[in-house]
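File shown: data-v5.txt (compact mmCIF, C-alpha atoms).
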```txt
# COMPACT_ATOMS: atom_id res chain seq x y z
CA MET A 12 111.94 82.77 63.79
CA LEU A 13 108.97 84.01 61.83
CA SER A 14 109.20 81.34 59.15
CA HIS A 15 109.53 78.62 61.78
CA ALA A 16 106.61 79.98 63.82
CA ARG A 17 104.43 80.12 60.72
CA SER A 18 105.44 76.59 59.73
CA VAL A 19 104.28 75.06 63.03
CA TRP A 20 101.23 77.30 63.49
CA PRO A 21 98.79 76.86 65.27
CA GLU A 22 101.27 75.38 67.76
CA GLU A 23 103.67 77.56 69.72
CA ALA A 24 107.11 77.65 68.17
CA CYS A 25 110.15 77.88 70.44
CA GLY A 26 113.88 78.05 70.61
CA LEU A 27 116.93 79.65 72.13
CA ILE A 28 118.88 82.83 71.48
CA ALA A 29 122.64 83.21 71.82
CA GLY A 30 125.12 85.99 71.36
CA ILE A 31 127.25 88.43 73.30
CA ASP A 32 126.78 91.12 75.92
CA HIS A 33 128.77 94.33 75.72
CA ILE A 34 128.68 97.92 76.93
CA ASP A 35 127.56 100.59 74.44
CA ASP A 36 130.81 102.30 73.42
CA ILE A 37 129.10 105.43 72.11
CA ASP A 38 128.67 106.76 75.64
CA PRO A 39 130.85 104.74 78.05
CA ASP A 40 129.67 106.87 80.99
CA ALA A 41 126.10 105.67 80.47
CA LYS A 42 127.16 102.01 80.75
CA VAL A 43 124.26 100.77 78.66
CA GLU A 44 124.41 97.01 78.33
CA ILE A 45 123.71 95.72 74.85
CA ARG A 46 122.66 92.14 74.24
CA GLU A 47 123.55 91.24 70.69
CA ILE A 48 121.79 88.16 69.38
CA ARG A 49 124.12 86.39 66.97
CA LYS A 50 122.25 83.11 66.57
CA VAL A 51 118.67 81.92 66.92
CA TYR A 52 118.00 78.24 67.48
CA LEU A 53 114.74 76.79 66.20
CA LEU A 54 113.74 73.90 68.44
CA GLU A 55 110.80 71.52 68.54
CA ASN A 56 107.97 72.23 70.94
CA GLN A 57 107.58 68.86 72.58
CA ASP A 58 104.12 69.80 73.84
CA HIS A 59 102.73 70.41 70.32
CA THR A 60 100.12 72.83 71.65
CA ASN A 61 99.11 76.45 71.05
CA VAL A 62 99.26 77.45 74.73
CA HIS A 63 102.52 76.02 76.07
CA PHE A 64 105.96 74.92 74.98
CA SER A 65 108.67 72.60 76.24
CA LEU A 66 112.08 72.51 74.61
CA ASP A 67 113.35 69.15 73.42
CA PRO A 68 116.22 68.28 75.83
CA GLY A 69 118.38 66.73 73.10
CA GLU A 70 117.99 69.74 70.82
CA HIS A 71 118.60 72.04 73.79
CA LEU A 72 121.89 70.29 74.54
CA LYS A 73 122.98 70.42 70.88
CA ALA A 74 122.27 74.16 70.84
CA VAL A 75 124.34 74.75 73.99
CA VAL A 76 127.24 72.74 72.50
CA ASP A 77 126.99 74.85 69.34
CA MET A 78 126.98 78.06 71.41
CA ARG A 79 130.18 77.00 73.13
CA LYS A 80 131.78 76.01 69.83
CA HIS A 81 131.07 79.49 68.44
CA HIS A 82 132.01 81.33 71.67
CA LEU A 83 128.47 82.58 72.23
CA LYS A 84 126.64 82.80 75.51
CA PRO A 85 123.03 81.78 76.05
CA LEU A 86 120.96 84.96 76.18
CA GLY A 87 117.53 83.43 76.70
CA ASN A 88 114.74 81.87 74.73
CA TRP A 89 111.98 82.77 72.35
CA HIS A 90 108.54 81.42 71.63
CA SER A 91 105.47 82.35 69.69
CA HIS A 92 101.97 83.20 70.79
CA PRO A 93 99.83 81.95 67.91
CA GLU A 94 96.60 83.58 69.11
CA THR A 95 97.55 86.15 71.75
CA PRO A 96 99.58 89.38 71.94
CA SER A 97 103.35 89.63 72.36
CA ARG A 98 103.36 89.91 76.13
CA SER A 99 104.36 87.67 79.01
CA SER A 100 101.58 85.39 80.15
CA ALA A 101 101.29 84.28 83.78
CA GLU A 102 102.85 80.95 82.78
CA ASP A 103 105.69 82.71 80.92
CA ILE A 104 106.47 84.70 84.07
CA ARG A 105 106.30 81.59 86.26
CA LEU A 106 108.65 79.63 83.98
CA ALA A 107 111.02 82.60 83.60
CA SER A 108 111.58 82.70 87.35
CA PHE A 109 114.26 80.02 86.92
CA ASP A 110 116.73 82.39 85.21
CA HIS A 111 116.57 86.11 85.91
CA THR A 112 119.52 86.81 83.57
CA ALA A 113 117.68 85.62 80.46
CA SER A 114 115.84 87.62 77.85
CA TYR A 115 112.50 86.25 76.72
CA LEU A 116 111.40 87.05 73.18
CA ILE A 117 107.73 86.55 72.34
CA LEU A 118 106.52 86.57 68.73
CA SER A 119 102.78 87.16 68.34
CA LEU A 120 101.05 85.73 65.29
CA MET A 121 97.67 86.92 66.48
CA ASP A 122 97.54 89.05 63.30
CA LYS A 123 99.33 86.72 60.87
CA GLU A 124 99.98 89.51 58.37
CA HIS A 125 101.51 91.79 61.02
CA PRO A 126 103.56 89.71 63.47
CA VAL A 127 104.85 91.47 66.59
CA LEU A 128 108.08 90.63 68.43
CA HIS A 129 108.92 91.95 71.90
CA SER A 130 111.63 91.13 74.42
CA PHE A 131 111.13 90.90 78.18
CA HIS A 132 113.22 90.59 81.31
CA VAL A 133 111.53 88.72 84.13
CA GLU A 134 112.67 89.03 87.72
CA ASN A 135 110.83 88.49 91.01
CA GLY A 136 107.61 87.75 89.16
CA VAL A 137 107.66 91.03 87.22
CA SER A 138 107.94 91.15 83.42
CA THR A 139 109.62 94.29 82.10
CA PRO A 140 109.90 95.14 78.39
CA GLU A 141 113.42 95.30 76.98
CA ALA A 142 114.47 97.49 74.08
CA LEU A 143 114.70 95.45 70.89
CA GLU A 144 116.19 96.68 67.65
CA ILE A 145 116.19 94.40 64.63
CA ILE A 146 119.05 95.18 62.28
CA PRO A 147 118.76 93.52 58.86
CA GLY A 148 121.90 91.67 58.04
```

Encoded form using structure tokens:
Amino acid sequence: MLSHARSVWPEEACGLIAGIDHIDDIDPDAKVEIREIRKVYLLENQDHTNVHFSLDPGEHLKAVVDMRKHHLKPLGNWHSHPETPSRSSAEDIRLASFDHTASYLILSLMDKEHPVLHSFHVENGVSTPEALEIIPG
């Protein structure tokens, strides 16, 4: 994600995330849902702007076909904020209202040397941070 976002900077980069959902088996009584991202799709921002993104429909479809082929479920999308912090903008919240099950990852390149990635859940017009743990692999 970071390499792609840097390669298209100053435009917003975008894509999809796919993986699996499961319950944390360390403490089954807690029933903590874990979203495990297994694949990140790097798609073209059709808008070619630094303030908005639109996924290419053809690339979107190819990604969904690939998810099905690999038995992954769509978990949400990601995009970069080239000049602003890693937080949901008013437009991000408005666009996220179409799918309240999705996670929305935002990668800030505001400080190019210290990128920041956060995940959000958006429901009923409210953006709530999600826990995000990056495990090198």

Task: Pick from A:Arg79, A:His90, A:Lys50, A:Lys123, whichever lies nearest to Ser65 in chain A using all atoms listed in the file - done: A:His90

Task: Shortest interatomic distance to Thr112 in chain A - which of A:Val127, A:Val133, A:Ile145, A:Val62, counting all atoms listed in the file - done: A:Val133

Open item on the list: Need the shell around Arg49 in chain A: protein/DNA/RNA residues with any atom at most 10 Å away, counting all atoms listed in the file. Skip same-chain ones fewer than 6 positions apart. Format as a ChimeraX atom specification?
Closed with: /A:28-31,78,81,83-84,86

Open item on the list: Excluding range 15-22 of chain A and its own-chain neighbours fewer than 4 positions away, which residues fall within 9 Å of it when counting all atoms listed in the file? Please give them as JSON, numbers by chain.
Closed with: {"A": [53, 56, 58, 59, 60, 61, 62, 63, 64, 90, 91, 92, 93, 94, 118, 120, 123]}

TODO: Tell me which protein, DNA and RNA residues are within 8 Å of Ser138 in chain A, counting all atoms listed in the file, leaving out same-chain ones fewer than 5 positions away, and put them as a ChimeraX atom specification.
DONE: /A:99,104,131-133

Task: Residue with smallest distance to Pro96 in chain A - pool A:Met121, A:Ala113, A:Val75, A:Leu66, counting all atoms listed in the file - done: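 Closest to Pro96 in chain A of all the choices is A:Met121.
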
- [ ] Enter the distance from CA of Leu116 in chain A to CA of Met12 in chain A, in Å, rounded to one decimal.
- [x]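 CA of Leu116 in chain A sits 10.3 Å away from CA of Met12 in chain A.
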
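Across the model, the gap from CA of Asp122 in chain A to CA of Asp67 in chain A is 27.4 Å.
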
Open item on the list: Can you measure CA of Ile45 in chain A to CA of His111 in chain A for me? One decimal in Å is fine.
Closed with: 16.3 Å

TODO: Can you work out which one of A:Tyr115, A:Val43, A:Glu124, A:Val76 has the shortest atom-to-atom distance to Ser100 in chain A, counting all atoms listed in the file?
DONE: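 Comparing A:Tyr115, A:Val43, A:Glu124, A:Val76 against Ser100 in chain A, the winner is A:Tyr115.
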
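Of the listed residues (A:Asp77, A:Glu70, A:Leu106, A:Leu13), A:Leu13 comes nearest to Leu128 in chain A; the distances count all atoms listed in the file.
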
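Nearest to Gln57 in chain A of all the residues A:Asp103, A:Glu144, A:Asp35, A:Glu23 is A:Glu23, counting only C-alpha atoms.
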
TODO: Counting all atoms listed in the file, note down every residue that has an atom within 6 Å of the point (115.7, 79.9, 72.5) (file coordinates), as a PyMOL selection string.
DONE: chain A and resi 26-28+52+87-89

Output file for the selection above: C-alpha atoms, as an mmCIF file, keeping the file's coordinate frame:
```cif
data_model
loop_
_atom_site.group_PDB
_atom_site.id
_atom_site.type_symbol
_atom_site.label_atom_id
_atom_site.label_comp_id
_atom_site.auth_asym_id
_atom_site.auth_seq_id
_atom_site.Cartn_x
_atom_site.Cartn_y
_atom_site.Cartn_z
ATOM 1 C CA GLY A 26 113.880 78.050 70.610
ATOM 2 C CA LEU A 27 116.930 79.650 72.130
ATOM 3 C CA ILE A 28 118.880 82.830 71.480
ATOM 4 C CA TYR A 52 118.000 78.240 67.480
ATOM 5 C CA GLY A 87 117.530 83.430 76.700
ATOM 6 C CA ASN A 88 114.740 81.870 74.730
ATOM 7 C CA TRP A 89 111.980 82.770 72.350
#
```
